[in-house]
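All remarks here apply to the structure that follows.
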Amino acid sequence: MIIEQLLVTAMDVFCYLLVCQETKESVLIDPAGDFDDIMQAIRHHNASVKYIINTHGHFDHTSGNSKMIELTGAELLIHEADLDQLTGITNRLMARFNKGSASPKPMRTLRGGDSITFGREQLEVIHTPGHTPGSICLYTPGHIFTGDTLFTEGMGRTDLPGGSYKQIMESIYRILSLPDDTIIWPGHHYGRFPKSTVAEQKRYYM
């Protein structure tokens with residue numbers, strides 16, 4: 001699997017393009033903005049985007065949904081518990097601040113334990129509430145895309161509506177139960193490094 005980590009928007013969001021090397025079918029995770037850069041990466045790999053996946057419903061991760069659906073024809077996926085937040089008035093207004101637009105509704109919603117298949121690759125949906133009720137991580141052996149649940153040196157906020165410190169700590173411990181060499185790909189570039197590992201993060205939390 002090809003993994004392209006793209007730093008987008010003034011809010012330092014990491015968008016990910018994951019491409020099946022055999023079929024060129026791909027997914028986009030949190031394509032929040034800087035659409036020319038994202039499309040350049042898609043064209044570079046001759047990729048066909050099957051799904052756009054939001055790790056949670058906050059505007060800084062979702063304000064690019066509408067444009068990228070228009071450009072790629074991909075289907076939008078998000079956890080069912082963040083559906084109201086995705087399409088709520090706050091997100092609709094704040095999307096403009098992020099030089100994006102209001103998100104459409106998803107084609108379908110996700111639950112923990114779901115599998116997302118693209119080409120010969122597969123992602124497991126891990127429900128990791130705490131930052132938002134519907135926050136998810138996306139796991140494939142060797143890699144986990146953690147959204148705003150876990151950064152390389154910190155965690156997502158829990159003081160916003162729907163946040164819970166107790167839940168996010170439970171979610172982080174679940175992530176840290178994965179094999180030590182699992183690479184952590186965070187939702188923002190808030191630490192010194194753009195990625196980490198489970199073994200490294202255990203030093204902060206265990």
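Within each chain, counting starts at residue 1; across the structure tokens, chains are named A, B, ... in the order shown, with ligands numbered 1 upward in that order.
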For Glu200 of chain A, work out the shell of residues within 12 Å, counting only C-alpha atoms and skipping chain neighbours fewer than 3 positions away, then give it as a PDB file with N, CA and C atoms, in the first residue's frame.
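Contents of result.pdb, freshly written:
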```pdb
ATOM      1  N   PHE A 151      -1.922  12.295  18.771  1.00  0.00           N
ATOM      2  CA  PHE A 151      -0.900  12.925  17.949  1.00  0.00           C
ATOM      3  C   PHE A 151       0.449  12.281  18.257  1.00  0.00           C
ATOM      4  N   THR A 152       1.530  12.829  17.691  1.00  0.00           N
ATOM      5  CA  THR A 152       2.844  12.259  17.991  1.00  0.00           C
ATOM      6  C   THR A 152       3.350  12.692  19.366  1.00  0.00           C
ATOM      7  N   GLU A 153       2.808  13.784  19.885  1.00  0.00           N
ATOM      8  CA  GLU A 153       3.166  14.237  21.229  1.00  0.00           C
ATOM      9  C   GLU A 153       1.948  14.912  21.848  1.00  0.00           C
ATOM     10  N   LEU A 176      -2.659   1.754  21.984  1.00  0.00           N
ATOM     11  CA  LEU A 176      -1.360   1.314  22.472  1.00  0.00           C
ATOM     12  C   LEU A 176      -1.302  -0.182  22.763  1.00  0.00           C
ATOM     13  N   PRO A 179       0.564  -3.858  18.130  1.00  0.00           N
ATOM     14  CA  PRO A 179       2.003  -4.182  18.134  1.00  0.00           C
ATOM     15  C   PRO A 179       2.876  -2.939  18.195  1.00  0.00           C
ATOM     16  N   ASP A 180       4.000  -3.044  18.898  1.00  0.00           N
ATOM     17  CA  ASP A 180       4.873  -1.897  19.153  1.00  0.00           C
ATOM     18  C   ASP A 180       5.363  -1.209  17.883  1.00  0.00           C
ATOM     19  N   ASP A 181       5.539  -1.981  16.797  1.00  0.00           N
ATOM     20  CA  ASP A 181       6.090  -1.385  15.578  1.00  0.00           C
ATOM     21  C   ASP A 181       5.018  -0.768  14.686  1.00  0.00           C
ATOM     22  N   THR A 182       3.766  -0.720  15.153  1.00  0.00           N
ATOM     23  CA  THR A 182       2.698  -0.079  14.388  1.00  0.00           C
ATOM     24  C   THR A 182       2.995   1.413  14.249  1.00  0.00           C
ATOM     25  N   ILE A 183       2.956   1.921  13.023  1.00  0.00           N
ATOM     26  CA  ILE A 183       3.217   3.342  12.776  1.00  0.00           C
ATOM     27  C   ILE A 183       1.945   4.144  13.024  1.00  0.00           C
ATOM     28  N   ILE A 184       2.075   5.210  13.792  1.00  0.00           N
ATOM     29  CA  ILE A 184       0.963   6.112  14.098  1.00  0.00           C
ATOM     30  C   ILE A 184       1.039   7.310  13.165  1.00  0.00           C
ATOM     31  N   PHE A 193       7.537  15.554  15.134  1.00  0.00           N
ATOM     32  CA  PHE A 193       7.680  14.598  14.045  1.00  0.00           C
ATOM     33  C   PHE A 193       6.318  14.306  13.410  1.00  0.00           C
ATOM     34  N   LYS A 195       5.145  11.499  12.260  1.00  0.00           N
ATOM     35  CA  LYS A 195       4.596  10.188  12.580  1.00  0.00           C
ATOM     36  C   LYS A 195       5.331   9.628  13.784  1.00  0.00           C
ATOM     37  N   SER A 196       4.780   8.559  14.345  1.00  0.00           N
ATOM     38  CA  SER A 196       5.369   7.965  15.541  1.00  0.00           C
ATOM     39  C   SER A 196       5.141   6.456  15.478  1.00  0.00           C
ATOM     40  N   THR A 197       5.354   5.783  16.582  1.00  0.00           N
ATOM     41  CA  THR A 197       5.062   4.351  16.692  1.00  0.00           C
ATOM     42  C   THR A 197       4.367   4.094  18.021  1.00  0.00           C
ATOM     43  N   ARG A 203       5.794   5.427  25.960  1.00  0.00           N
ATOM     44  CA  ARG A 203       6.643   6.138  26.928  1.00  0.00           C
ATOM     45  C   ARG A 203       5.898   7.317  27.560  1.00  0.00           C
ATOM     46  N   TYR A 204       4.914   7.841  26.882  1.00  0.00           N
ATOM     47  CA  TYR A 204       4.137   8.987  27.387  1.00  0.00           C
ATOM     48  C   TYR A 204       2.950   8.538  28.230  1.00  0.00           C
ATOM     49  N   TYR A 205       2.392   7.370  27.923  1.00  0.00           N
ATOM     50  CA  TYR A 205       1.084   7.014  28.491  1.00  0.00           C
ATOM     51  C   TYR A 205       1.094   5.758  29.369  1.00  0.00           C
ATOM     52  N   MET A 206       2.129   4.940  29.294  1.00  0.00           N
ATOM     53  CA  MET A 206       2.088   3.680  30.029  1.00  0.00           C
ATOM     54  C   MET A 206       2.967   3.751  31.281  1.00  0.00           C
TER      55      MET A 206
END
```
Proximity check segment 86-176 of chain A to segment 13-25 of chain A, 7 Å, nearest pairs one decimal Å, only C-alpha atoms, as CSV:
```
residue,atom,partner,partner_atom,distance
A:Phe118,CA,A:Glu25,CA,5.7
A:Gly119,CA,A:Glu25,CA,5.2
A:Arg120,CA,A:Cys20,CA,6.4
A:Glu121,CA,A:Cys20,CA,6.1
```
Please run DSSP on the backbone and report, as a count of residues only, all residues within segment 31-183 of chain A that come out as alpha helix (DSSP H).
-> 46
Just how far from atom CA of Gln122 of chain A is atom CA of Leu86 of chain A, in Å to one decimal?
->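 Interatomic distance here is 24.4 Å.
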So that each row is one residue of segment 107-161 of chain A with an atom at most 8 Å from segment 52-58 of chain A, can you give its shortest atom pair and the distance in Å to one decimal, using only C-alpha atoms, rows by chain and rising number, as CSV?
```
residue,atom,partner,partner_atom,distance
A:Thr132,CA,A:His56,CA,6.8
A:Gly134,CA,A:His56,CA,6.0
A:Ser135,CA,A:His56,CA,4.6
A:Ile136,CA,A:Thr55,CA,5.2
A:Cys137,CA,A:Thr55,CA,6.5
A:Thr146,CA,A:Thr55,CA,7.6
A:Gly147,CA,A:Thr55,CA,5.3
A:Asp148,CA,A:Thr55,CA,7.7
```
Residues near Ile116 of chain A, cut-off 12 Å, only C-alpha atoms, skip fewer than 5 positions along chain, as a PDB file with C-alpha atoms, in the first residue's frame:
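The resulting file, around38.pdb, is reproduced below:
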```pdb
ATOM      1  CA  LEU A  18      -3.797   5.505   0.512  1.00  0.00           C
ATOM      2  CA  SER A  26      -7.532   4.568  -3.237  1.00  0.00           C
ATOM      3  CA  VAL A  27      -9.050   6.365  -0.273  1.00  0.00           C
ATOM      4  CA  LEU A  28      -8.597   9.885   1.052  1.00  0.00           C
ATOM      5  CA  LYS A  50     -13.214   5.216  -4.027  1.00  0.00           C
ATOM      6  CA  TYR A  51     -13.886   6.705  -0.597  1.00  0.00           C
ATOM      7  CA  ILE A  52     -13.349   9.902   1.359  1.00  0.00           C
ATOM      8  CA  ILE A  53     -13.202   9.055   5.063  1.00  0.00           C
ATOM      9  CA  GLU A  75     -18.255   8.278  -1.604  1.00  0.00           C
ATOM     10  CA  LEU A  76     -18.101  10.014   1.789  1.00  0.00           C
ATOM     11  CA  LEU A  77     -17.899   7.927   4.988  1.00  0.00           C
ATOM     12  CA  ILE A  78     -18.017   8.992   8.655  1.00  0.00           C
ATOM     13  CA  ARG A 108     -23.147   5.722   4.420  1.00  0.00           C
ATOM     14  CA  THR A 109     -22.112   5.843   8.049  1.00  0.00           C
ATOM     15  CA  LEU A 110     -19.590   3.700   9.875  1.00  0.00           C
ATOM     16  CA  ARG A 111     -19.445   1.739  13.102  1.00  0.00           C
ATOM     17  CA  GLU A 121      -6.339  -3.331   0.677  1.00  0.00           C
ATOM     18  CA  GLN A 122      -8.551  -3.125   3.746  1.00  0.00           C
ATOM     19  CA  LEU A 123      -8.932  -0.745   6.680  1.00  0.00           C
ATOM     20  CA  GLU A 124     -10.547  -1.678   9.990  1.00  0.00           C
ATOM     21  CA  VAL A 125     -12.657   1.000  11.664  1.00  0.00           C
ATOM     22  CA  ILE A 126     -11.798   1.359  15.358  1.00  0.00           C
ATOM     23  CA  LEU A 138      -8.322   3.381  10.700  1.00  0.00           C
ATOM     24  CA  TYR A 139      -6.104   0.331  11.076  1.00  0.00           C
ATOM     25  CA  THR A 140      -4.281  -1.952   8.712  1.00  0.00           C
TER      26      THR A 140
END
```
Residue nearest His189 of chain A - candidates A:Thr62, A:Ser177, A:Gln40, A:Thr9, atoms counted: only C-alpha atoms | A:Thr9
Mind checking DSSP for segment 11-195 of chain A and telling me the strand (DSSP E) residues as a PyMOL selection string?
-> chain A and resi 13-19+25-29+48-53+75-79+108-110+115-118+121-127+136-140+143-147+150-151+154-155+183-186
What is the distance, in Å and to one decimal place, between atom CA of His79 of chain A and atom CA of Gly113 of chain A?
->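 For atom CA of His79 of chain A relative to atom CA of Gly113 of chain A, the distance reads 11.1 Å.
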Work out how far apart atom CA of Ala47 of chain A and atom CA of Gln5 of chain A are and give it in Å to one decimal.
->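 Distance reported for this atom pair: 14.9 Å.
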Skip Asn65 of chain A itself and residues of its chain fewer than 5 positions away, then list as a list in words all residues within 7 Å of it, counting only C-alpha atoms.
->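 Once the nearby chain positions are removed, what remains is Pro31, Ala32 and Ser103 of chain A.
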For Met1 of chain A, which residue out of A:His143, A:His44, A:Gly154, A:Arg174 is the nearest one, using only C-alpha atoms?
->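 Among the listed residues, A:His143 lies closest to Met1 of chain A.
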Could you tell me which of A:Ala74, A:Gln85, A:Gly187, A:Pro133 comes closest to Met107 of chain A if we count only C-alpha atoms?
->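 Among A:Ala74, A:Gln85, A:Gly187, A:Pro133, it is A:Ala74 that comes nearest to Met107 of chain A.
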Nearest candidate to Pro104 of chain A (options A:Asp36, A:Glu70, A:Glu80, A:Glu170; using only C-alpha atoms) =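 Of all the options, A:Glu70 lies closest to Pro104 of chain A.
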Neighbouring residues of Ser171 of chain A were defined as those with any atom within 9 Å, considering only C-alpha atoms; residues of the same chain fewer than 3 positions away were excluded. Please report them as an mmCIF file with N, CA and C atoms, in the first residue's frame.
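So part_22.cif came out as:
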```cif
data_model
loop_
_atom_site.group_PDB
_atom_site.id
_atom_site.type_symbol
_atom_site.label_atom_id
_atom_site.label_comp_id
_atom_site.auth_asym_id
_atom_site.auth_seq_id
_atom_site.Cartn_x
_atom_site.Cartn_y
_atom_site.Cartn_z
ATOM 1 N N HIS A 127 -13.538 2.409 16.659
ATOM 2 C CA HIS A 127 -14.256 3.530 17.267
ATOM 3 C C HIS A 127 -13.471 4.007 18.483
ATOM 4 N N THR A 128 -13.023 5.271 18.445
ATOM 5 C CA THR A 128 -12.181 5.812 19.514
ATOM 6 C C THR A 128 -12.760 7.134 20.016
ATOM 7 N N PRO A 129 -13.884 7.102 20.715
ATOM 8 C CA PRO A 129 -14.499 8.347 21.199
ATOM 9 C C PRO A 129 -13.632 9.042 22.236
ATOM 10 N N GLY A 130 -13.929 10.309 22.451
ATOM 11 C CA GLY A 130 -13.206 11.107 23.442
ATOM 12 C C GLY A 130 -12.970 12.509 22.928
ATOM 13 N N THR A 149 -7.461 11.682 17.816
ATOM 14 C CA THR A 149 -7.417 10.930 19.064
ATOM 15 C C THR A 149 -6.018 10.958 19.660
ATOM 16 N N LEU A 150 -5.011 10.720 18.824
ATOM 17 C CA LEU A 150 -3.633 10.659 19.320
ATOM 18 C C LEU A 150 -2.704 11.319 18.306
ATOM 19 N N LYS A 166 -12.041 10.852 29.933
ATOM 20 C CA LYS A 166 -12.059 9.433 30.297
ATOM 21 C C LYS A 166 -12.120 8.566 29.039
ATOM 22 N N GLN A 167 -12.992 8.954 28.113
ATOM 23 C CA GLN A 167 -13.126 8.152 26.894
ATOM 24 C C GLN A 167 -11.878 8.213 26.030
ATOM 25 N N ILE A 168 -11.273 9.401 25.906
ATOM 26 C CA ILE A 168 -10.104 9.478 25.027
ATOM 27 C C ILE A 168 -8.932 8.689 25.598
ATOM 28 N N ARG A 174 -6.336 1.676 23.973
ATOM 29 C CA ARG A 174 -6.691 0.669 22.967
ATOM 30 C C ARG A 174 -5.704 0.730 21.794
ATOM 31 N N ILE A 175 -5.365 1.928 21.367
ATOM 32 C CA ILE A 175 -4.371 2.080 20.303
ATOM 33 C C ILE A 175 -3.027 1.499 20.741
ATOM 34 N N LEU A 176 -2.659 1.754 21.984
ATOM 35 C CA LEU A 176 -1.360 1.314 22.472
ATOM 36 C C LEU A 176 -1.302 -0.182 22.763
#
```
